[in-house]
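Everything below belongs to target_22.pdb, which stores PDB, C-alpha atoms.
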ATOM      1  CA  MET A 461      -3.662  -7.192   7.644
ATOM      2  CA  SER A 462      -7.256  -8.308   7.439
ATOM      3  CA  LYS A 463      -8.141 -11.997   7.252
ATOM      4  CA  PRO A 464     -10.921 -13.458   5.114
ATOM      5  CA  THR A 465     -13.684 -15.265   6.877
ATOM      6  CA  ALA A 466     -13.662 -18.181   4.472
ATOM      7  CA  LEU A 467     -11.342 -19.547   1.834
ATOM      8  CA  ARG A 468     -12.994 -19.977  -1.536
ATOM      9  CA  SER A 469     -11.782 -21.986  -4.532
ATOM     10  CA  VAL A 470     -10.975 -20.698  -7.978
ATOM     11  CA  SER A 471     -11.896 -22.215 -11.315
ATOM     12  CA  SER A 472      -9.204 -20.628 -13.508
ATOM     13  CA  PHE A 473      -5.845 -18.842 -13.368
ATOM     14  CA  ALA A 474      -7.636 -15.600 -14.179
ATOM     15  CA  ASP A 475      -9.245 -15.733 -10.727
ATOM     16  CA  LEU A 476      -5.927 -16.008  -8.861
ATOM     17  CA  PRO A 477      -5.110 -12.258  -8.613
ATOM     18  CA  GLU A 478      -8.516 -11.557  -7.074
ATOM     19  CA  LEU A 479      -8.124 -14.415  -4.587
ATOM     20  CA  TYR A 480      -4.597 -13.285  -3.691
ATOM     21  CA  ALA A 481      -5.838  -9.760  -3.023
ATOM     22  CA  GLU A 482      -8.573 -11.074  -0.750
ATOM     23  CA  LEU A 483      -6.019 -13.062   1.233
ATOM     24  CA  THR A 484      -3.603 -10.136   1.510
ATOM     25  CA  ALA A 485      -5.968  -7.161   1.632
ATOM     26  CA  THR A 486      -4.314  -4.251   3.415
ATOM     27  CA  PRO A 487      -5.932  -1.503   5.489
ATOM     28  CA  ASP A 488      -4.312   1.034   3.142
ATOM     29  CA  PHE A 489      -6.560   0.082   0.243
ATOM     30  CA  VAL A 490      -9.644  -0.184   2.410
ATOM     31  CA  ALA A 491      -8.923   3.271   3.855
ATOM     32  CA  SER A 492      -8.319   4.843   0.437
ATOM     33  CA  PHE A 493     -11.035   3.067  -1.577
ATOM     34  CA  GLY A 494     -13.557   1.665   0.862
ATOM     35  CA  ASP A 495     -15.355   4.771   2.170
ATOM     36  CA  PRO A 496     -15.671   7.303  -0.671
ATOM     37  CA  LEU A 497     -17.350  10.677  -0.429
ATOM     38  CA  PRO A 498     -21.128  10.518  -1.074
ATOM     39  CA  LEU A 499     -20.679  13.293  -3.652
ATOM     40  CA  THR A 500     -17.533  14.134  -5.541
ATOM     41  CA  ILE A 501     -16.197  16.563  -8.134
ATOM     42  CA  ILE A 502     -13.888  14.833 -10.587
ATOM     43  CA  GLU A 503     -13.066  17.720 -12.916
ATOM     44  CA  PRO A 504     -12.967  21.476 -12.207
ATOM     45  CA  ASN A 505     -16.192  23.443 -12.681
ATOM     46  CA  GLU A 506     -18.420  20.370 -12.794
ATOM     47  CA  GLU A 507     -21.417  19.873 -10.527
ATOM     48  CA  PRO A 508     -21.136  17.444  -7.585
ATOM     49  CA  ALA A 509     -22.325  13.944  -8.447
ATOM     50  CA  GLU A 510     -22.213  10.356  -7.233
ATOM     51  CA  HIS A 511     -19.277   8.352  -8.602
ATOM     52  CA  LEU A 512     -18.172   4.920  -7.448
ATOM     53  CA  MET A 513     -14.600   4.109  -6.415
ATOM     54  CA  PRO A 514     -12.864   1.000  -7.782
ATOM     55  CA  ASP A 515     -13.210  -2.063  -5.580
ATOM     56  CA  PRO A 516     -10.255  -2.021  -3.140
ATOM     57  CA  LEU A 517      -9.527  -5.742  -3.514
ATOM     58  CA  ALA A 518      -9.584  -5.519  -7.301
ATOM     59  CA  ALA A 519      -7.360  -2.400  -7.275
ATOM     60  CA  GLN A 520      -4.792  -4.109  -5.088
ATOM     61  CA  ALA A 521      -4.859  -7.310  -7.119
ATOM     62  CA  GLU A 522      -4.355  -5.513 -10.432
ATOM     63  CA  CYS A 523      -1.506  -3.315  -9.127
ATOM     64  CA  GLY A 524       0.382  -6.318  -7.862
ATOM     65  CA  GLY A 525      -0.545  -8.472 -10.833
ATOM     66  CA  ILE A 526       0.822  -6.064 -13.430
ATOM     67  CA  VAL A 527       4.208  -5.775 -11.716
ATOM     68  CA  ALA A 528       4.371  -9.542 -11.294
ATOM     69  CA  ALA A 529       3.397 -10.061 -14.936
ATOM     70  CA  ILE A 530       6.262  -7.851 -16.156
ATOM     71  CA  PHE A 531       8.881  -9.853 -14.248
ATOM     72  CA  ASP A 532       7.284 -13.216 -15.060
ATOM     73  CA  LEU A 533       7.056 -12.391 -18.773
ATOM     74  CA  LEU A 534      10.641 -11.177 -19.183
ATOM     75  CA  GLY A 535      12.332 -13.383 -16.594
ATOM     76  CA  ASP A 536      14.929 -15.873 -17.843
ATOM     77  CA  THR A 537      14.879 -14.317 -21.319
ATOM     78  CA  ARG A 538      17.211 -11.917 -23.097
ATOM     79  CA  LEU A 539      14.891  -9.128 -21.884
ATOM     80  CA  ASP A 540      15.308 -10.102 -18.230
ATOM     81  CA  ALA A 541      17.512  -7.101 -17.427
ATOM     82  CA  LEU A 542      14.828  -4.706 -18.694
ATOM     83  CA  ALA A 543      12.102  -5.940 -16.336
ATOM     84  CA  PRO A 544      13.094  -3.687 -13.402
ATOM     85  CA  GLU A 545      13.194  -0.656 -15.706
ATOM     86  CA  LEU A 546       9.726  -1.339 -17.104
ATOM     87  CA  ALA A 547       8.265  -2.100 -13.683
ATOM     88  CA  TRP A 548       9.868   1.076 -12.290
ATOM     89  CA  GLY A 549       8.053   3.086 -14.972
ATOM     90  CA  PHE A 550       4.734   1.464 -14.069
ATOM     91  CA  VAL A 551       5.138   2.410 -10.407
ATOM     92  CA  ASN A 552       6.316   5.867 -11.393
ATOM     93  CA  SER A 553       3.151   6.490 -13.404
ATOM     94  CA  PHE A 554       1.139   6.352 -10.165
ATOM     95  CA  HIS A 555       3.698   8.591  -8.497
ATOM     96  CA  PHE A 556       3.500  11.174 -11.298
ATOM     97  CA  VAL A 557      -0.302  11.326 -11.211
ATOM     98  CA  ALA A 558      -0.310  11.529  -7.398
ATOM     99  CA  GLY A 559       2.110  14.462  -7.578
ATOM    100  CA  ARG A 560      -0.049  16.271 -10.116
ATOM    101  CA  LEU A 561      -3.107  15.760  -7.911
ATOM    102  CA  GLU A 562      -1.227  17.006  -4.878
ATOM    103  CA  SER A 563      -0.320  20.235  -6.674
ATOM    104  CA  ARG A 564      -3.971  20.737  -7.582
ATOM    105  CA  GLU A 565      -4.981  19.980  -3.999
ATOM    106  CA  ASP A 566      -2.529  22.611  -2.712
ATOM    107  CA  ARG A 567      -3.908  25.231  -5.121
ATOM    108  CA  LEU A 568      -7.468  24.501  -4.023
ATOM    109  CA  ALA A 569      -6.461  24.703  -0.354
ATOM    110  CA  ASP A 570      -4.901  28.111  -1.007
ATOM    111  CA  THR A 571      -8.117  29.245  -2.699
ATOM    112  CA  ILE A 572     -10.167  28.097   0.285
ATOM    113  CA  ARG A 573      -7.934  30.013   2.683
ATOM    114  CA  ASP A 574      -8.266  33.165   0.596
ATOM    115  CA  MET A 575     -12.047  32.803   0.458
ATOM    116  CA  ALA A 576     -12.239  32.212   4.211
ATOM    117  CA  ARG A 577     -10.407  35.498   4.824
ATOM    118  CA  ARG A 578     -12.904  37.450   2.708
ATOM    119  CA  LEU A 579     -16.165  35.812   3.664
ATOM    120  CA  GLU A 580     -18.979  37.465   1.738
ATOM    121  CA  PRO A 581     -22.724  37.288   2.299
ATOM    122  CA  GLY A 582     -24.840  35.744  -0.405
ATOM    123  CA  GLU A 583     -25.733  32.316  -1.753
ATOM    124  CA  VAL A 584     -23.407  32.545  -4.751
ATOM    125  CA  PHE A 585     -20.305  32.965  -2.598
ATOM    126  CA  VAL A 586     -21.392  30.238  -0.164
ATOM    127  CA  LYS A 587     -22.050  27.832  -3.048
ATOM    128  CA  GLU A 588     -18.652  28.593  -4.589
ATOM    129  CA  LEU A 589     -16.915  28.008  -1.248
ATOM    130  CA  GLU A 590     -18.751  24.713  -0.665
ATOM    131  CA  ASP A 591     -17.941  23.477  -4.168
ATOM    132  CA  THR A 592     -14.276  24.414  -3.778
ATOM    133  CA  GLN A 593     -14.102  22.546  -0.473
ATOM    134  CA  LEU A 594     -15.747  19.488  -2.008
ATOM    135  CA  GLU A 595     -13.418  19.611  -5.010
ATOM    136  CA  CYS A 596     -10.406  19.801  -2.683
ATOM    137  CA  GLN A 597     -11.673  16.823  -0.687
ATOM    138  CA  SER A 598     -12.341  14.918  -3.915
ATOM    139  CA  VAL A 599      -8.827  15.551  -5.198
ATOM    140  CA  ALA A 600      -7.375  14.492  -1.846
ATOM    141  CA  GLU A 601      -9.368  11.258  -2.138
ATOM    142  CA  GLN A 602      -8.026  10.670  -5.665
ATOM    143  CA  ARG A 603      -4.457  11.350  -4.519
ATOM    144  CA  ALA A 604      -4.785   8.929  -1.612
ATOM    145  CA  ALA A 605      -5.997   6.232  -4.013
ATOM    146  CA  MET A 606      -3.058   6.830  -6.367
ATOM    147  CA  GLU A 607      -0.637   6.687  -3.445
ATOM    148  CA  ALA A 608      -2.133   3.431  -2.153
ATOM    149  CA  MET A 609      -1.723   1.828  -5.589
ATOM    150  CA  ARG A 610       1.774   3.273  -5.979
ATOM    151  CA  ASP A 611       2.896   1.982  -2.599
ATOM    152  CA  TYR A 612       1.560  -1.515  -3.194
ATOM    153  CA  ALA A 613       3.074  -1.643  -6.682
ATOM    154  CA  ALA A 614       6.340  -0.389  -5.137
ATOM    155  CA  ALA A 615       6.200  -3.191  -2.565
ATOM    156  CA  MET A 616       5.782  -5.725  -5.373
ATOM    157  CA  TYR A 617       8.653  -4.071  -7.237
ATOM    158  CA  ARG A 618      10.889  -4.465  -4.179
ATOM    159  CA  ALA A 619       9.903  -8.116  -3.828
ATOM    160  CA  TYR A 620      10.816  -8.886  -7.454
ATOM    161  CA  ALA A 621      13.716  -6.481  -8.075
ATOM    162  CA  GLY A 622      15.337  -6.929  -4.672
ATOM    163  CA  ARG A 623      15.642  -3.199  -4.019
ATOM    164  CA  PRO A 624      13.208  -0.481  -2.969
ATOM    165  CA  TRP A 625      11.489   1.638  -5.592
ATOM    166  CA  SER A 626      12.344   5.333  -5.459
ATOM    167  CA  PRO A 627      11.387   8.211  -7.762
ATOM    168  CA  ALA A 628      13.949   9.713 -10.120
ATOM    169  CA  LYS A 629      13.604  12.985  -8.200
ATOM    170  CA  GLY A 630      11.490  14.350  -5.421
ATOM    171  CA  SER A 631       9.852  12.387  -2.623
ATOM    172  CA  ARG A 632       7.687   9.373  -2.141
ATOM    173  CA  ALA A 633       5.582  10.297   0.872
ATOM    174  CA  SER A 634       2.023   9.287   1.645
ATOM    175  CA  HIS A 635      -0.539   9.176   4.402
ATOM    176  CA  VAL A 636      -1.046   5.417   4.039
ATOM    177  CA  THR A 637       2.484   4.167   4.731
ATOM    178  CA  THR A 638       5.369   5.011   7.028
ATOM    179  CA  ALA A 639       7.965   3.610   4.623
ATOM    180  CA  SER A 640       8.479   6.965   2.930
ATOM    181  CA  GLN A 641      11.455   8.143   0.899
ATOM    182  CA  ILE A 642      11.834  11.902   1.090
ATOM    183  CA  SER A 643      14.276  14.059  -0.839
ATOM    184  CA  ALA A 644      16.457  16.535   1.008
ATOM    185  CA  LEU A 645      14.976  19.496  -0.903
ATOM    186  CA  ASP A 646      11.399  18.603   0.116
ATOM    187  CA  PHE A 647      12.528  17.870   3.662
ATOM    188  CA  LEU A 648      14.326  21.193   4.166
ATOM    189  CA  ARG A 649      11.555  23.154   2.441
ATOM    190  CA  ALA A 650       8.938  21.554   4.671
ATOM    191  CA  ARG A 651      10.987  22.371   7.750
ATOM    192  CA  SER A 652      11.235  26.020   6.793
ATOM    193  CA  GLU A 653       7.638  26.408   5.603
ATOM    194  CA  ARG A 654       5.836  23.762   7.700
ATOM    195  CA  ARG A 655       4.115  22.977   4.398
ATOM    196  CA  ARG A 656       3.146  19.355   4.960
ATOM    197  CA  ASP A 657       3.669  17.130   7.986
ATOM    198  CA  ARG A 658       4.378  14.109   5.825
ATOM    199  CA  TYR A 659       7.348  15.873   4.225
ATOM    200  CA  ASP A 660       8.724  16.818   7.651
ATOM    201  CA  PRO A 661       8.874  13.582   9.655
ATOM    202  CA  GLN A 662       9.401  14.146  13.352
ATOM    203  CA  GLY A 663      11.803  11.881  15.200
ATOM    204  CA  PRO A 664      15.451  11.421  16.193
ATOM    205  CA  VAL A 665      17.728  11.572  13.155
ATOM    206  CA  VAL A 666      20.169   8.722  12.498
ATOM    207  CA  VAL A 667      22.715   9.306   9.710
ATOM    208  CA  VAL A 668      24.173   6.675   7.378
ATOM    209  CA  SER A 669      26.931   7.293   4.831
ATOM    210  CA  GLY A 670      29.465   5.219   2.926
ATOM    211  CA  PRO A 671      30.864   4.339  -0.514
ATOM    212  CA  GLN A 672      28.964   2.944  -3.473
ATOM    213  CA  ASP A 673      31.136  -0.186  -3.653
ATOM    214  CA  TRP A 674      30.625  -1.347  -0.074
ATOM    215  CA  HIS A 675      31.140  -5.095   0.311
ATOM    216  CA  ASP A 676      28.656  -6.233   2.985
ATOM    217  CA  TRP A 677      25.067  -5.023   3.440
ATOM    218  CA  ARG A 678      24.440  -7.375   6.359
ATOM    219  CA  VAL A 679      26.613  -5.446   8.781
ATOM    220  CA  ILE A 680      24.616  -2.291   7.952
ATOM    221  CA  TRP A 681      21.238  -3.992   8.455
ATOM    222  CA  ASN A 682      22.343  -5.619  11.720
ATOM    223  CA  ARG A 683      23.615  -2.385  13.209
ATOM    224  CA  LEU A 684      20.549  -0.420  12.088
ATOM    225  CA  ASP A 685      18.348  -3.070  13.723
ATOM    226  CA  GLN A 686      20.278  -2.567  16.964
ATOM    227  CA  ILE A 687      19.881   1.206  16.743
ATOM    228  CA  ARG A 688      16.160   0.931  15.977
ATOM    229  CA  ALA A 689      15.674  -1.315  19.020
ATOM    230  CA  ARG A 690      16.898   1.618  21.131
ATOM    231  CA  ILE A 691      15.358   4.403  18.975
ATOM    232  CA  PRO A 692      12.117   2.943  17.556
ATOM    233  CA  HIS A 693      10.863   6.201  15.989
ATOM    234  CA  LEU A 694      14.068   7.191  14.226
ATOM    235  CA  VAL A 695      14.237   9.067  10.923
ATOM    236  CA  LEU A 696      16.983   7.666   8.696
ATOM    237  CA  VAL A 697      19.089  10.168   6.740
ATOM    238  CA  THR A 698      21.385   8.961   3.939
ATOM    239  CA  THR A 699      23.681  10.701   1.491
ATOM    240  CA  GLY A 700      21.389   9.734  -1.361
ATOM    241  CA  GLN A 701      23.520   7.392  -3.485
ATOM    242  CA  ARG A 702      21.725   4.660  -5.429
ATOM    243  CA  ALA A 703      24.287   1.956  -4.735
ATOM    244  CA  GLY A 704      26.409   0.651  -1.889
ATOM    245  CA  VAL A 705      25.862   1.774   1.694
ATOM    246  CA  ASP A 706      23.061   4.262   1.014
ATOM    247  CA  ALA A 707      21.135   1.765  -1.126
ATOM    248  CA  ALA A 708      21.475  -0.891   1.593
ATOM    249  CA  ALA A 709      20.238   1.580   4.222
ATOM    250  CA  ALA A 710      17.293   2.625   2.026
ATOM    251  CA  ALA A 711      16.391  -1.044   1.494
ATOM    252  CA  TRP A 712      16.498  -1.574   5.268
ATOM    253  CA  ALA A 713      14.215   1.433   5.800
ATOM    254  CA  ALA A 714      11.727   0.119   3.232
ATOM    255  CA  GLU A 715      11.727  -3.318   4.840
ATOM    256  CA  ARG A 716      11.285  -1.946   8.378
ATOM    257  CA  GLY A 717       8.790   0.810   7.557
ATOM    258  CA  VAL A 718      11.161   3.619   8.539
ATOM    259  CA  VAL A 719      11.085   7.077   6.962
ATOM    260  CA  CYS A 720      14.225   7.644   4.862
ATOM    261  CA  VAL A 721      15.434  11.103   3.848
ATOM    262  CA  ALA A 722      17.945  11.150   0.973
ATOM    263  CA  PHE A 723      20.385  14.069   0.930
ATOM    264  CA  GLY A 724      21.550  13.899  -2.674
ATOM    265  CA  LEU A 725      24.092  16.148  -4.357
ATOM    266  CA  TYR A 726      21.732  17.928  -6.769
ATOM    267  CA  GLY A 727      21.461  21.683  -6.610
ATOM    268  CA  ARG A 728      24.486  22.277  -4.373
ATOM    269  CA  GLY A 729      27.173  23.695  -6.693
ATOM    270  CA  LYS A 730      30.917  23.506  -5.972
ATOM    271  CA  GLY A 731      31.990  21.460  -2.982
ATOM    272  CA  LYS A 732      28.537  19.929  -2.981
ATOM    273  CA  GLY A 733      29.531  16.861  -0.982
ATOM    274  CA  PHE A 734      30.863  18.948   1.880
ATOM    275  CA  LYS A 735      27.866  21.319   1.753
ATOM    276  CA  ARG A 736      25.620  18.298   2.034
ATOM    277  CA  ASN A 737      27.577  17.136   5.071
ATOM    278  CA  ARG A 738      27.018  20.493   6.776
ATOM    279  CA  ASP A 739      23.276  20.312   6.042
ATOM    280  CA  ILE A 740      23.162  16.847   7.593
ATOM    281  CA  ALA A 741      25.113  17.941  10.675
ATOM    282  CA  GLU A 742      22.671  20.830  11.199
ATOM    283  CA  LEU A 743      19.871  18.273  11.669
ATOM    284  CA  MET A 744      21.456  17.442  15.054
ATOM    285  CA  PRO A 745      21.530  13.652  14.584
ATOM    286  CA  VAL A 746      21.505  11.471  17.672
ATOM    287  CA  GLU A 747      23.578   8.675  16.141
ATOM    288  CA  ALA A 748      25.528   7.924  12.961
ATOM    289  CA  LEU A 749      26.780   4.936  11.001
ATOM    290  CA  LEU A 750      29.745   5.634   8.714
ATOM    291  CA  CYS A 751      31.477   3.132   6.454
ATOM    292  CA  GLU A 752      35.044   3.629   5.290
ATOM    293  CA  GLY A 753      35.027   5.485   2.000
ATOM    294  CA  SER A 754      36.373   8.803   0.761
ATOM    295  CA  GLY A 755      37.111  12.194   2.235
ATOM    296  CA  ILE A 756      33.361  12.836   2.263
ATOM    297  CA  GLN A 757      32.863  10.283   5.036
ATOM    298  CA  SER A 758      35.944  11.572   6.854
ATOM    299  CA  SER A 759      34.599  15.140   6.692
ATOM    300  CA  LEU A 760      31.195  14.031   7.974
ATOM    301  CA  TYR A 761      32.885  12.214  10.853
ATOM    302  CA  ASP A 762      34.744  15.422  11.789
ATOM    303  CA  LEU A 763      31.522  17.475  11.689
ATOM    304  CA  LEU A 764      29.713  14.993  13.931
ATOM    305  CA  ASN A 765      32.663  14.601  16.303
ATOM    306  CA  PRO A 766      34.336  18.010  16.787
ATOM    307  CA  PRO A 767      37.355  18.319  19.149
ATOM    308  CA  THR A 768      35.205  20.290  21.567
ATOM    309  CA  GLY A 769      31.456  20.391  22.063
ATOM    310  CA  HIS A 770      28.757  17.837  21.406
ATOM    311  CA  ARG A 771      29.884  14.580  19.816
ATOM    312  CA  VAL A 772      27.465  12.265  18.027
ATOM    313  CA  PRO A 773      27.813   8.546  18.884
ATOM    314  CA  THR A 774      29.255   7.161  15.660
ATOM    315  CA  HIS A 775      29.563   3.570  14.481
ATOM    316  CA  VAL A 776      32.498   3.315  12.065
ATOM    317  CA  PHE A 777      32.887   0.228   9.900
ATOM    318  CA  MET A 778      36.105  -0.465   8.048
ATOM    319  CA  ARG A 779      36.476  -2.461   4.861
ATOM    320  CA  THR A 780      37.349  -6.121   5.230
ATOM    321  CA  ASP A 781      37.977  -6.608   1.505
ATOM    322  CA  GLN A 782      40.941  -4.205   1.484
ATOM    323  CA  GLU A 783      43.050  -2.277   3.980
ATOM    324  CA  PRO A 784      43.993   1.175   2.593
ATOM    325  CA  ASP A 785      45.332   3.807   4.983
ATOM    326  CA  THR A 786      42.520   6.350   4.777
ATOM    327  CA  PRO A 787      41.846   9.411   6.958
ATOM    328  CA  ILE A 788      38.794   7.831   8.513
ATOM    329  CA  LYS A 789      40.850   4.715   9.372
ATOM    330  CA  ARG A 790      43.471   6.804  11.180
ATOM    331  CA  LYS A 791      40.884   8.471  13.408
ATOM    332  CA  ARG A 792      38.177   5.805  13.650
ATOM    333  CA  ARG A 793      36.143   5.757  16.818
ATOM    334  CA  VAL A 794      33.888   2.724  17.118
ATOM    335  CA  ILE A 795      31.125   3.244  19.653
ATOM    336  CA  ALA A 796      28.853   0.464  20.836
ATOM    337  CA  ALA A 797      30.563  -1.974  18.478
TER     338      ALA A 797
END

Please go through the file and, once you have read it, give me the structure as structure tokens.
Amino acid sequence: MSKPTALRSVSSFADLPELYAELTATPDFVASFGDPLPLTIIEPNEEPAEHLMPDPLAAQAECGGIVAAIFDLLGDTRLDALAPELAWGFVNSFHFVAGRLESREDRLADTIRDMARRLEPGEVFVKELEDTQLECQSVAEQRAAMEAMRDYAAAMYRAYAGRPWSPAKGSRASHVTTASQISALDFLRARSERRRDRYDPQGPVVVVSGPQDWHDWRVIWNRLDQIRARIPHLVLVTTGQRAGVDAAAAAWAAERGVVCVAFGLYGRGKGKGFKRNRDIAELMPVEALLCEGSGIQSSLYDLLNPPTGHRVPTHVFMRTDQEPDTPIKRKRRVIAA
């Protein structure tokens, strides 16, 4: 985080967001806004021209200020419960635009590859290729700016809502932050196609799974901190639920700047929970953290710890709020407790 050389005073409340941004300016905004292309192409088929980027400090201040304003306006009123929903939509607007720009960037990159394979002599072709390259670079610059604003707004959302922001579907991955949330579909597709490095994080996989009504998030955070101390570049894989154990693990990943891959149930058909377990086991995790829940957790334990062959070191936590006789209780195996 950069530090200002001097602290200046403000004359009104309207100046506070700008001052706050100066005091908390992040390299992400400077990288995305501070060194724009000399020439850019904003819309398809237009001629290259000079266009300024928004000031990085102002962009950061406004992104954070809008999220803060939503919670401050509705807090302690009968609309208090709606503040997270409205703020989520604000963050998601950046995410939606960034996704649209990424699709356009991919199409332009494909066009450039096709043109490179059929290089033709002549000024017209060369000009078309140069313009396409510049347009692709311009779109990439726009996408990076949207992602920087999304990620900062998401950080403000987490500070106010108490939980990490995540898109309704798909992934939140960017070049400017390591605290990415990646969907299983994007993750597996990237692994098979090598489409984008940021959708295919490289590192030892650590699996977390448990019920949605888990009673204590602290035990999950403490154990994940211990695992991360031994495996600093881990990739966290969860079973994609929005409450309980998976939500606590995702919040830990957001706080620690760890990539989190969510293996949800969508698109898996009958027996989807068990199919998901097999997909997770095929990632060859190096460690797992399972909390007492249903047969899904018991099945995942069996896949990671077969009677013969490689067994994954597994931390099993049992409920302290109740003591049912579950399958995972009967065969629990606590390692490095």

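For the file shown, the residue list from the PyMOL selection byres ((chain A and resi 664) around 10) reads Pro661, Gln662, Gly663, Val665, Val666, Val667, Ile691, Pro692, His693, Leu694, Val695, Leu696, Leu743, Met744, Pro745, Val746 and Glu747 of chain A.
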
### Task
Give as a VMD selection string each residue that has an atom at most 12 Å from (21.1, 0.6, 14.3) in the file, counting all atoms listed in the file.
chain A and resid 665 to 668 678 to 696 709 712 to 713 716 718 746 to 750 773 to 776 795 to 797

Please dump the current selection as a PDB file, keeping the file's coordinate frame; keep C-alpha atoms.
ATOM      1  CA  VAL A 665      17.728  11.572  13.155  1.00  0.00           C
ATOM      2  CA  VAL A 666      20.169   8.722  12.498  1.00  0.00           C
ATOM      3  CA  VAL A 667      22.715   9.306   9.710  1.00  0.00           C
ATOM      4  CA  VAL A 668      24.173   6.675   7.378  1.00  0.00           C
ATOM      5  CA  ARG A 678      24.440  -7.375   6.359  1.00  0.00           C
ATOM      6  CA  VAL A 679      26.613  -5.446   8.781  1.00  0.00           C
ATOM      7  CA  ILE A 680      24.616  -2.291   7.952  1.00  0.00           C
ATOM      8  CA  TRP A 681      21.238  -3.992   8.455  1.00  0.00           C
ATOM      9  CA  ASN A 682      22.343  -5.619  11.720  1.00  0.00           C
ATOM     10  CA  ARG A 683      23.615  -2.385  13.209  1.00  0.00           C
ATOM     11  CA  LEU A 684      20.549  -0.420  12.088  1.00  0.00           C
ATOM     12  CA  ASP A 685      18.348  -3.070  13.723  1.00  0.00           C
ATOM     13  CA  GLN A 686      20.278  -2.567  16.964  1.00  0.00           C
ATOM     14  CA  ILE A 687      19.881   1.206  16.743  1.00  0.00           C
ATOM     15  CA  ARG A 688      16.160   0.931  15.977  1.00  0.00           C
ATOM     16  CA  ALA A 689      15.674  -1.315  19.020  1.00  0.00           C
ATOM     17  CA  ARG A 690      16.898   1.618  21.131  1.00  0.00           C
ATOM     18  CA  ILE A 691      15.358   4.403  18.975  1.00  0.00           C
ATOM     19  CA  PRO A 692      12.117   2.943  17.556  1.00  0.00           C
ATOM     20  CA  HIS A 693      10.863   6.201  15.989  1.00  0.00           C
ATOM     21  CA  LEU A 694      14.068   7.191  14.226  1.00  0.00           C
ATOM     22  CA  VAL A 695      14.237   9.067  10.923  1.00  0.00           C
ATOM     23  CA  LEU A 696      16.983   7.666   8.696  1.00  0.00           C
ATOM     24  CA  ALA A 709      20.238   1.580   4.222  1.00  0.00           C
ATOM     25  CA  TRP A 712      16.498  -1.574   5.268  1.00  0.00           C
ATOM     26  CA  ALA A 713      14.215   1.433   5.800  1.00  0.00           C
ATOM     27  CA  ARG A 716      11.285  -1.946   8.378  1.00  0.00           C
ATOM     28  CA  VAL A 718      11.161   3.619   8.539  1.00  0.00           C
ATOM     29  CA  VAL A 746      21.505  11.471  17.672  1.00  0.00           C
ATOM     30  CA  GLU A 747      23.578   8.675  16.141  1.00  0.00           C
ATOM     31  CA  ALA A 748      25.528   7.924  12.961  1.00  0.00           C
ATOM     32  CA  LEU A 749      26.780   4.936  11.001  1.00  0.00           C
ATOM     33  CA  LEU A 750      29.745   5.634   8.714  1.00  0.00           C
ATOM     34  CA  PRO A 773      27.813   8.546  18.884  1.00  0.00           C
ATOM     35  CA  THR A 774      29.255   7.161  15.660  1.00  0.00           C
ATOM     36  CA  HIS A 775      29.563   3.570  14.481  1.00  0.00           C
ATOM     37  CA  VAL A 776      32.498   3.315  12.065  1.00  0.00           C
ATOM     38  CA  ILE A 795      31.125   3.244  19.653  1.00  0.00           C
ATOM     39  CA  ALA A 796      28.853   0.464  20.836  1.00  0.00           C
ATOM     40  CA  ALA A 797      30.563  -1.974  18.478  1.00  0.00           C
TER      41      ALA A 797
END

### Message
What does the structure give for the distance between atom CA of A:Gly549 and atom CA of A:Gly700, in Å to one decimal?
### Response
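Distance reported for this atom pair: 20.2 Å.
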
### Message
I'd like the neighbourhood of A:Asp762 as a ChimeraX atom specification, where a residue qualifies if any of its atoms comes within 12 Å (using all atoms listed in the file), though same-chain residues fewer than 3 positions away should be ignored.
### Response
/A:734,737-738,741,748,750,755-759,765-772,774,787-788,791-793

### Task
Name the residues that the PyMOL selection byres ((chain A and resi 556-562) around 12) pulls out of this structure, and write them as a PyMOL selection string.
chain A and resi 502-503+548-555+563-569+595-611+627-634+656

### Task
Using all atoms listed in the file, pick whichever of A:Ala621, A:His511, A:Leu764, A:Gly753 has the shortest atom-to-atom distance to A:Ala541.
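When distances to A:Ala541 are compared using all atoms listed in the file, the smallest one comes from A:Ala621.
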
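We find atom CA of A:Gln520 and atom CA of A:Trp625 to be spaced 17.3 Å apart.
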
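Here atom CA of A:Asp488 and atom CA of A:Pro624 stand 18.6 Å from one another.
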
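Ranking A:Val705, A:Ala518, A:Ala509, A:Val719 by their shortest atom-to-atom distance to A:Phe493, with only C-alpha atoms included, puts A:Ala518 first.
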
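The closest residue to A:Cys720, picked from A:Val697, A:Leu763, A:Met616, A:Ala491 and counting only C-alpha atoms, is A:Val697.
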
Kindly reconstruct stretch 563-568 of chain A with N, CA and C atoms and present the result as a tab-separated table (two decimals), in the frame of the given file.
chain	number	residue	atom	x	y	z
A	563	SER	N	-0.47	18.82	-6.31
A	563	SER	CA	-0.32	20.24	-6.67
A	563	SER	C	-1.69	20.90	-6.82
A	564	ARG	N	-2.62	20.20	-7.44
A	564	ARG	CA	-3.97	20.74	-7.58
A	564	ARG	C	-4.64	20.89	-6.21
A	565	GLU	N	-4.43	19.91	-5.35
A	565	GLU	CA	-4.98	19.98	-4.00
A	565	GLU	C	-4.43	21.19	-3.24
A	566	ASP	N	-3.13	21.45	-3.37
A	566	ASP	CA	-2.53	22.61	-2.71
A	566	ASP	C	-3.13	23.92	-3.22
A	567	ARG	N	-3.33	24.00	-4.55
A	567	ARG	CA	-3.91	25.23	-5.12
A	567	ARG	C	-5.33	25.45	-4.61
A	568	LEU	N	-6.10	24.38	-4.53
A	568	LEU	CA	-7.47	24.50	-4.02
A	568	LEU	C	-7.47	24.89	-2.55
